[in-house]
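Quick look at model20.txt (compact mmCIF, C-alpha atoms (C1' of nucleotides)):
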# COMPACT_ATOMS: atom_id res chain seq x y z
CA MET A 162 22.39 33.46 -5.08
CA VAL A 163 24.42 35.40 -7.54
CA ALA A 164 25.70 32.25 -9.17
CA LEU A 165 22.12 31.10 -9.35
CA LYS A 166 20.94 34.04 -11.40
CA GLN A 167 23.96 33.60 -13.58
CA LYS A 168 22.88 30.05 -14.37
CA LEU A 169 19.58 31.34 -15.66
CA GLU A 170 21.20 34.10 -17.64
CA GLU A 171 23.74 31.77 -19.24
CA ARG A 172 20.93 29.73 -20.66
CA GLY A 173 18.93 32.64 -21.91
CA LEU A 174 16.25 32.20 -19.28
CA ARG A 175 14.67 35.20 -17.64
CA LYS A 176 15.31 35.86 -13.99
CA THR A 177 11.75 36.04 -12.79
CA ALA A 178 10.97 35.88 -9.08
CA PHE A 179 9.31 32.51 -9.49
CA ARG A 180 12.08 30.83 -11.44
CA ILE A 181 14.71 32.06 -9.03
CA GLU A 182 12.64 30.72 -6.16
CA LEU A 183 12.20 27.39 -7.92
CA LEU A 184 15.87 27.03 -8.73
CA THR A 185 16.76 27.96 -5.17
CA LEU A 186 14.48 25.22 -3.93
CA PHE A 187 16.33 22.73 -6.10
CA THR A 188 19.72 23.77 -4.79
CA GLN A 189 18.47 23.43 -1.24
CA THR A 190 17.15 19.95 -1.82
CA LYS A 191 19.40 16.99 -1.27
CA SER A 192 17.48 14.42 -3.26
CA SER A 193 14.74 15.06 -5.78
CA LEU A 194 11.45 16.88 -5.91
CA SER A 195 8.07 15.71 -7.03
CA ILE A 196 5.50 18.07 -8.49
CA GLU A 197 3.72 17.70 -5.17
CA ASP A 198 6.79 18.90 -3.30
CA ILE A 199 7.19 21.84 -5.60
CA LYS A 200 3.56 22.83 -5.46
CA SER A 201 3.54 22.80 -1.70
CA SER A 202 6.58 24.98 -1.29
CA VAL A 203 6.53 27.42 -4.20
CA GLY A 204 3.24 26.65 -5.84
CA LYS A 205 1.06 28.61 -3.47
CA THR A 206 1.39 31.70 -5.55
CA SER A 207 2.00 30.25 -8.99
CA ASP A 208 -0.20 28.39 -11.37
CA LYS A 209 0.55 24.75 -12.10
CA VAL A 210 1.04 25.61 -15.74
CA THR A 211 3.80 27.99 -14.75
CA ILE A 212 5.48 25.25 -12.76
CA TYR A 213 5.30 22.76 -15.59
CA ARG A 214 6.66 25.24 -18.08
CA ALA A 215 9.49 26.26 -15.78
CA LEU A 216 10.47 22.64 -15.19
CA ASP A 217 10.34 22.04 -18.88
CA ALA A 218 12.55 25.04 -19.59
CA PHE A 219 15.01 24.02 -16.86
CA GLU A 220 15.23 20.51 -18.20
CA LYS A 221 15.68 21.61 -21.79
CA SER A 222 18.50 23.93 -20.80
CA GLY A 223 20.23 21.29 -18.72
CA LEU A 224 19.62 22.69 -15.26
CA ILE A 225 17.63 19.76 -13.95
CA HIS A 226 16.83 16.25 -15.08
CA ARG A 227 14.00 13.85 -14.56
CA VAL A 228 14.37 11.00 -12.14
CA PRO A 229 12.10 8.00 -11.97
CA ASP A 230 9.32 7.85 -9.43
CA LYS A 231 7.48 4.96 -7.90
CA ALA A 232 4.13 5.85 -9.29
CA ASN A 233 5.57 6.81 -12.66
CA LEU A 234 5.09 10.44 -11.92
CA ALA A 235 7.46 13.15 -12.98
CA ARG A 236 10.23 13.99 -10.58
CA TYR A 237 13.23 16.20 -11.00
CA ALA A 238 16.66 16.82 -9.53
CA LEU A 239 19.49 19.22 -10.12
CA CYS A 240 22.08 18.28 -12.67
CA HIS A 241 25.39 17.80 -10.91
CA ASN A 242 27.67 17.24 -13.85
CA GLU A 243 27.98 19.33 -16.92
CA CYS A 244 24.69 18.85 -18.66
CA LYS A 245 24.10 20.65 -21.89
CA PRO A 246 20.76 21.11 -23.55
CA GLU A 247 19.83 17.94 -25.44
CA ALA A 248 22.62 15.99 -23.78
CA HIS A 249 22.13 15.07 -20.18
CA SER A 250 24.60 12.65 -18.76
CA HIS A 251 23.42 11.00 -15.61
CA ASN A 252 25.11 7.72 -15.36
CA HIS A 253 24.04 6.84 -11.89
CA ALA A 254 21.40 4.64 -10.37
CA HIS A 255 18.27 5.67 -8.52
CA PHE A 256 16.80 4.12 -5.44
CA ILE A 257 13.10 4.50 -4.77
CA CYS A 258 11.75 3.79 -1.33
CA THR A 259 8.32 2.27 -1.76
CA VAL A 260 7.42 3.16 1.80
CA CYS A 261 8.09 6.89 1.91
CA ASP A 262 8.18 7.35 -1.88
CA GLU A 263 11.47 9.21 -1.71
CA THR A 264 13.83 8.89 -4.64
CA PHE A 265 17.56 8.86 -3.89
CA CYS A 266 20.36 9.25 -6.37
CA ILE A 267 22.96 6.56 -5.81
CA GLU A 268 25.96 8.65 -6.71
CA ASN A 269 28.69 6.10 -6.33
CA VAL A 270 27.08 3.40 -8.43
CA GLU A 271 27.68 3.45 -12.14
CA VAL A 272 25.07 2.09 -14.47
CA PRO A 273 26.85 -0.80 -16.12
CA LYS A 274 27.45 -0.51 -19.83
CA ILE A 275 25.37 -3.02 -21.68
CA HIS A 276 26.03 -3.84 -25.27
CA LEU A 277 23.19 -5.13 -27.29
CA LYS A 278 22.88 -6.98 -30.53
CA GLN A 279 23.97 -5.17 -33.65
CA GLY A 280 21.50 -2.52 -34.72
CA TYR A 281 20.41 -1.18 -31.37
CA LYS A 282 21.56 2.34 -30.60
CA ILE A 283 21.46 3.26 -26.92
CA ASN A 284 21.01 6.87 -25.96
CA SER A 285 20.50 6.54 -22.25
CA SER A 286 20.30 3.87 -19.63
CA THR A 287 18.77 4.01 -16.19
CA LEU A 288 19.08 1.60 -13.34
CA THR A 289 16.27 1.85 -10.86
CA LEU A 290 16.19 0.02 -7.57
CA GLU A 291 13.08 -0.30 -5.45
CA GLY A 292 12.85 -1.21 -1.82
CA SER A 293 12.93 0.47 1.54
CA CYS A 294 15.37 3.07 2.76
CA PRO A 295 17.15 3.11 6.14
CA SER A 296 14.68 5.41 7.85
CA CYS A 297 11.76 3.28 6.73
CA GLN A 298 13.51 0.08 7.81
CA SER A 299 13.51 1.00 11.44
CA ALA A 300 9.84 1.89 11.45
CA MET B 125 -5.63 -23.07 -26.04
CA VAL B 126 -6.30 -25.78 -23.53
CA ALA B 127 -3.18 -24.91 -21.56
CA LEU B 128 -4.31 -21.33 -21.66
CA LYS B 129 -7.64 -21.97 -20.03
CA GLN B 130 -5.85 -24.08 -17.50
CA LYS B 131 -3.69 -21.16 -16.52
CA LEU B 132 -6.76 -19.14 -15.71
CA GLU B 133 -8.34 -21.97 -13.81
CA GLU B 134 -5.22 -22.64 -11.77
CA ARG B 135 -5.33 -19.13 -10.47
CA GLY B 136 -9.00 -19.10 -9.70
CA LEU B 137 -9.80 -16.76 -12.55
CA ARG B 138 -12.90 -17.26 -14.60
CA LYS B 139 -12.60 -18.31 -18.20
CA THR B 140 -14.61 -15.54 -19.78
CA ALA B 141 -14.46 -14.94 -23.51
CA PHE B 142 -12.71 -11.64 -23.00
CA ARG B 143 -10.02 -12.87 -20.63
CA ILE B 144 -9.24 -15.82 -22.85
CA GLU B 145 -8.93 -13.47 -25.80
CA LEU B 146 -6.70 -11.13 -23.82
CA LEU B 147 -4.43 -13.89 -22.60
CA THR B 148 -4.24 -15.30 -26.11
CA LEU B 149 -3.14 -11.91 -27.35
CA PHE B 150 -0.34 -11.91 -24.80
CA THR B 151 0.88 -15.34 -25.83
CA GLN B 152 0.91 -14.27 -29.45
CA THR B 153 2.92 -11.16 -28.75
CA LYS B 154 6.67 -11.31 -28.80
CA SER B 155 7.41 -8.17 -26.85
CA SER B 156 5.04 -6.23 -24.68
CA LEU B 157 1.67 -4.57 -25.04
CA SER B 158 0.58 -1.09 -24.20
CA ILE B 159 -2.96 -0.27 -23.20
CA GLU B 160 -3.27 1.24 -26.66
CA ASP B 161 -2.26 -2.03 -28.28
CA ILE B 162 -4.72 -3.95 -26.18
CA LYS B 163 -7.55 -1.55 -26.79
CA SER B 164 -7.06 -1.67 -30.51
CA SER B 165 -7.07 -5.44 -30.77
CA VAL B 166 -9.47 -6.64 -28.11
CA GLY B 167 -10.90 -3.43 -26.79
CA LYS B 168 -13.43 -2.87 -29.51
CA THR B 169 -16.00 -4.85 -27.66
CA SER B 170 -14.91 -4.37 -24.08
CA ASP B 171 -14.94 -1.41 -21.80
CA LYS B 172 -11.64 0.09 -20.68
CA VAL B 173 -12.53 -0.66 -17.08
CA THR B 174 -12.79 -4.32 -17.98
CA ILE B 175 -9.36 -4.20 -19.55
CA TYR B 176 -7.78 -2.52 -16.55
CA ARG B 177 -9.36 -4.97 -14.16
CA ALA B 178 -8.32 -7.96 -16.21
CA LEU B 179 -4.73 -6.71 -16.40
CA ASP B 180 -4.79 -6.12 -12.70
CA ALA B 181 -6.07 -9.62 -12.01
CA PHE B 182 -3.52 -11.15 -14.38
CA GLU B 183 -0.69 -9.27 -12.73
CA LYS B 184 -1.79 -10.12 -9.22
CA SER B 185 -1.96 -13.80 -10.10
CA GLY B 186 1.43 -13.77 -11.76
CA LEU B 187 0.37 -14.21 -15.37
CA ILE B 188 1.81 -10.95 -16.64
CA HIS B 189 4.09 -8.23 -15.34
CA ARG B 190 4.52 -4.56 -15.97
CA VAL B 191 7.34 -3.30 -18.11
CA PRO B 192 8.52 0.29 -18.33
CA ASP B 193 7.35 2.52 -21.12
CA LYS B 194 8.82 5.61 -22.66
CA ALA B 195 6.05 7.93 -21.66
CA ASN B 196 5.71 6.33 -18.24
CA LEU B 197 2.56 4.58 -19.25
CA ALA B 198 1.60 1.14 -18.17
CA ARG B 199 2.76 -1.71 -20.33
CA TYR B 200 2.60 -5.43 -19.77
CA ALA B 201 4.23 -8.64 -20.89
CA LEU B 202 3.80 -12.32 -20.22
CA CYS B 203 5.75 -13.79 -17.35
CA HIS B 204 8.25 -16.28 -18.75
CA ASN B 205 9.67 -17.67 -15.56
CA GLU B 206 7.80 -19.00 -12.66
CA CYS B 207 6.09 -15.98 -11.23
CA LYS B 208 3.91 -16.41 -8.21
CA PRO B 209 1.42 -13.89 -6.98
CA GLU B 210 3.24 -11.22 -4.95
CA ALA B 211 6.62 -12.42 -6.13
CA HIS B 212 7.53 -11.62 -9.67
CA SER B 213 11.09 -12.29 -10.69
CA HIS B 214 12.10 -10.51 -13.84
CA ASN B 215 15.77 -9.96 -13.74
CA HIS B 216 16.23 -8.76 -17.26
CA ALA B 217 16.69 -5.42 -18.92
CA HIS B 218 14.27 -3.53 -21.13
CA PHE B 219 15.03 -1.59 -24.25
CA ILE B 220 12.68 1.18 -25.28
CA CYS B 221 12.85 2.54 -28.80
CA THR B 222 12.09 6.23 -28.63
CA VAL B 223 11.21 6.29 -32.30
CA CYS B 224 8.56 3.59 -32.54
CA ASP B 225 7.87 3.45 -28.79
CA GLU B 226 8.22 -0.32 -28.73
CA THR B 227 9.53 -1.93 -25.58
CA PHE B 228 11.74 -4.99 -25.97
CA CYS B 229 12.74 -7.39 -23.26
CA ILE B 230 16.46 -8.01 -23.41
CA GLU B 231 16.35 -11.60 -22.32
CA ASN B 232 20.02 -12.40 -22.29
CA VAL B 233 21.11 -9.42 -20.22
CA GLU B 234 21.03 -9.75 -16.48
CA VAL B 235 20.42 -6.72 -14.35
CA PRO B 236 23.65 -6.39 -12.42
CA LYS B 237 23.41 -6.88 -8.69
CA ILE B 238 24.08 -3.65 -6.91
CA HIS B 239 24.79 -3.55 -3.23
CA LEU B 240 24.03 -0.38 -1.43
CA LYS B 241 25.04 1.11 1.84
CA GLN B 242 23.88 -0.67 4.95
CA GLY B 243 20.23 -0.12 5.64
CA TYR B 244 18.82 -0.17 2.14
CA LYS B 245 16.66 -3.15 1.32
CA ILE B 246 16.21 -3.80 -2.38
CA ASN B 247 13.07 -5.55 -3.56
CA SER B 248 13.42 -5.14 -7.27
CA SER B 249 15.76 -3.58 -9.78
CA THR B 250 15.11 -2.60 -13.35
CA LEU B 251 17.56 -1.63 -16.03
CA THR B 252 16.01 0.40 -18.80
CA LEU B 253 17.81 1.35 -21.97
CA GLU B 254 16.53 3.97 -24.36
CA GLY B 255 17.51 4.50 -27.95
CA SER B 256 16.49 3.31 -31.36
CA CYS B 257 15.87 -0.22 -32.49
CA PRO B 258 17.18 -1.88 -35.68
CA SER B 259 14.06 -1.26 -37.74
CA CYS B 260 14.05 2.40 -36.81
CA GLN B 261 17.77 2.76 -37.53
CA SER B 262 17.38 2.03 -41.21
CA ALA B 263 14.58 4.52 -41.64
C1' DA C 195 -31.41 -28.92 -14.49
C1' DA C 196 -32.66 -25.08 -11.61
C1' DA C 197 -31.12 -22.17 -7.94
C1' DT C 198 -27.48 -19.88 -5.60
C1' DT C 199 -23.21 -17.66 -5.29
C1' DT C 200 -19.91 -14.63 -6.74
C1' DA C 201 -16.48 -13.14 -10.25
C1' DT C 202 -16.68 -10.35 -14.03
C1' DC C 203 -18.69 -6.87 -16.96
C1' DG C 204 -20.06 -2.24 -18.43
C1' DC C 205 -21.81 2.16 -17.88
C1' DA C 206 -21.43 6.76 -15.66
C1' DA C 207 -19.18 9.71 -13.11
C1' DC C 208 -14.97 11.17 -11.15
C1' DT C 209 -9.91 12.07 -10.10
C1' DT C 210 -5.40 13.27 -11.32
C1' DG C 211 -1.37 14.57 -14.01
C1' DG C 212 -0.46 17.19 -17.54
C1' DT C 213 -1.32 20.23 -21.96
C1' DT C 214 -3.04 23.99 -25.10
C1' DG C 215 -4.70 28.55 -26.38
C1' DC C 216 -4.63 33.12 -25.58
C1' DG C 217 -4.64 37.51 -23.67
C1' DT C 218 -1.76 39.95 -20.01
C1' DT C 219 2.47 41.04 -17.48
C1' DA C 220 7.09 42.01 -16.98
C1' DG C 221 12.24 41.08 -18.16
C1' DT C 222 15.42 42.42 -21.67
C1' DT C 223 17.25 44.93 -25.55
C1' DT C 224 17.54 49.16 -28.51
C1' DA D 175 11.21 55.14 -23.08
C1' DA D 176 9.69 52.06 -26.76
C1' DA D 177 9.73 47.71 -28.68
C1' DC D 178 10.23 42.94 -28.34
C1' DT D 179 9.24 38.65 -26.50
C1' DA D 180 9.77 35.28 -22.58
C1' DA D 181 7.11 34.12 -18.93
C1' DC D 182 2.69 34.22 -16.45
C1' DG D 183 -2.08 32.83 -15.31
C1' DC D 184 -6.58 31.71 -16.24
C1' DA D 185 -9.90 28.60 -18.49
C1' DA D 186 -10.76 24.91 -20.87
C1' DC D 187 -9.30 20.63 -22.27
C1' DC D 188 -7.30 15.74 -22.68
C1' DA D 189 -5.93 11.12 -21.50
C1' DA D 190 -4.96 7.55 -18.15
C1' DG D 191 -6.76 5.37 -14.67
C1' DT D 192 -10.25 4.63 -10.62
C1' DT D 193 -14.67 3.97 -8.05
C1' DG D 194 -19.51 2.72 -7.34
C1' DC D 195 -23.06 0.02 -8.56
C1' DG D 196 -26.40 -2.52 -10.88
C1' DA D 197 -26.48 -6.20 -14.56
C1' DT D 198 -24.57 -10.47 -16.52
C1' DA D 199 -22.76 -14.86 -16.64
C1' DA D 200 -19.30 -18.50 -14.84
C1' DA D 201 -18.90 -21.80 -11.22
C1' DT D 202 -20.87 -24.29 -7.51
C1' DT D 203 -24.59 -26.32 -4.89
C1' DT D 204 -29.03 -28.48 -4.50
Now that the file is in, can you turn its structure into C-alpha cells?
Amino acid sequence: MVALKQKLEERGLRKTAFRIELLTLFTQTKSSLSIEDIKSSVGKTSDKVTIYRALDAFEKSGLIHRVPDKANLARYALCHNECKPEAHSHNHAHFICTVCDETFCIENVEVPKIHLKQGYKINSSTLTLEGSCPSCQSA
Amino acid sequence: MVALKQKLEERGLRKTAFRIELLTLFTQTKSSLSIEDIKSSVGKTSDKVTIYRALDAFEKSGLIHRVPDKANLARYALCHNECKPEAHSHNHAHFICTVCDETFCIENVEVPKIHLKQGYKINSSTLTLEGSCPSCQSA
DNA sequence: AAATTTATCGCAACTTGGTTGCGTTAGTTT
DNA sequence: AAACTAACGCAACCAAGTTGCGATAAATTT
C-alpha cells in the first residue's frame, strides 16, 4: 500500500482515493482489466470520464499498458518491467480466449524480432494469439 | 471484371452495382482499406449500413479479411490465398505506420508458430508491427 | 415476359465506447 | 492559511457500428 502511493508520487500523480483504489485493483489482478471490469468494481462511485482520464494518466506515466482485446476494446494491465513514460517495453505475446474474452499475457514467449525492408522503422511489435483457454476447453 | 462477377456468383452473392464497385476497389488496392477509405471512394452514393453489410458478407464468404488498424478500427484487405468461409488463413504480419495510418501486409514474413502450455487451443495468431513507413521516414 | 422470391438497399433510430468543455473539489506547495 | 493546479463529475457531444423495417431490384420460376 505504501509502495503503491509512492508509485503515484514518483510520477507526479496525485494520491486521490479513486486513483489509489484503481491502482490497487490493478495490482490485485493477475491478468488484465477491461473498462467493463473496472467500471463494475470501482466505477460505482466514479464517473466514466474519471476512469478514462485516470487510465490515460497511468498509461502515460508508465504504470499500465494497453493489451489487445477480442472486440478491439481497450484493455489494460500493470507494467511489470521498467516502463518509462513514452517508452513502454512489453515484448511478450498475448493470448485472447474467444470464449470467455479473457486476455492473458504469455510471459515466457518473446515476440520474435522481425526485420523489414530498408526504410521501415519499427517502434513496437505485438503478437496476439486467439483461441480458447484451458478453462473454456473443458466446458 | 468477368472474373470478379464470377467470384460473387460463386459465393451466392448478388452482382449489384455497388458490390461490384466495392470489390473492384479492393482488387485495385495494394494494401488495405479502412471504412474511411471506402466511404470516400464508393460511399458517396451508398449508405454506411450498405457498406457494413457488404463488408460483412464479403468477409463471411471469404473474399476479404480484417486487418488490424492503429486506432483499433476495422480495416479490410483482399484474401490472397484460398480462403473459405469460416476458415481464413492469413499467416502473415502487418505493419502499421503510425504517421500516415496506413496498414501494410508484410507478405514475406511468416507469423512464428508459438506453442503454449497444455490446454490452450490457438485458432489464429497475428503479428502486428508499429512504426513509420519509408514514405513517412523521409518527411 | 410477367410473376414470385429473396438478397440487397437505404433510411431512421439506437447503442456503445470514448471525448470535450467547464465549473467545482481537493491534493499539494508556499 | 492562501494559492495553485491536478483531478473530479456532470452534460453534452462524437464516431463507429447495429437493428428494424419497408422499398428496390437481382435471380428464379411460371
*Please return, as an MDAnalysis selection string, all residues of chain B lying within 10 Å of chain C when all atoms listed in the file are considered.*
chainID B and resid 136:140 142:143 170:174 177:178
_Set the distance at 9 Å and use all atoms listed in the file: which residues neighbour A:Ile283 once local chain neighbours fewer than 5 positions away are removed? I'd like the list as a PyMOL selection string._
(chain A and resi 276-277) or (chain B and resi 219+221+253-257)
Could you write those residues out with C-alpha atoms, as a CSV table (one decimal), in the frame of the given file?
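File written: result-v1.csv
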chain,number,residue,atom,x,y,z
A,276,HIS,CA,26.0,-3.8,-25.3
A,277,LEU,CA,23.2,-5.1,-27.3
B,219,PHE,CA,15.0,-1.6,-24.2
B,221,CYS,CA,12.8,2.5,-28.8
B,253,LEU,CA,17.8,1.4,-22.0
B,254,GLU,CA,16.5,4.0,-24.4
B,255,GLY,CA,17.5,4.5,-28.0
B,256,SER,CA,16.5,3.3,-31.4
B,257,CYS,CA,15.9,-0.2,-32.5
*Hey, can you pull every residue with an atom no more than 7 Å from (16.8, -5.0, -34.8), using all atoms listed in the file, and send it as a list in words?*
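Answer for this query, in the requested form: Gly280 and Tyr281 of chain A; Cys257, Pro258 and Ser259 of chain B.
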*Residues of chain D no more than 10 Å from chain B, counting all atoms listed in the file: send them over as a list of chain:residue names.*
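Therefore, the residues near the partner are D:DA190, D:DG191, D:DT192, D:DA199, D:DA200, D:DA201.
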*Determine the nearest neighbour of chain A from the options B:Gln261, B:Ser164, B:Thr151, B:Ser158, counting all atoms listed in the file.*
B:Gln261
*For the atom pair atom CA of A:Glu197 and atom C1' of D:DA189, what is the interatomic distance in Å to one decimal place?*
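Value for the atom CA of A:Glu197-atom C1' of D:DA189 distance: 20.1 Å.
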*asked:* For a cutoff of 8 Å around the file-coordinate point (18.6, 6.4, -18.6), which residues qualify once you count only C-alpha atoms (C1' of nucleotides)? I'd like the result as a PyMOL selection string.
replied: (chain A and resi 251-252+284-288) or (chain B and resi 252-254)
*For atom CA of A:Thr185 and atom C1' of D:DA180, quote the distance in Å rounded to one decimal.*
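Answer for the atom CA of A:Thr185 to atom C1' of D:DA180 separation: 20.1 Å.
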_One decimal, in Å: what's the spacing between atom CA of B:Ile175 and atom C1' of D:DC187?_
25.0 Å
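Using all atoms listed in the file for every distance, the candidate list A:Ile257, A:Leu183, A:Ile275, A:Lys168 yields A:Lys168 as the residue closest to A:Ser222.
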*Of the residues A:Lys282, A:Lys221, A:Cys297, A:Lys205, which is the one nearest to chain B, using all atoms listed in the file?*
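Closest candidate: A:Lys282.
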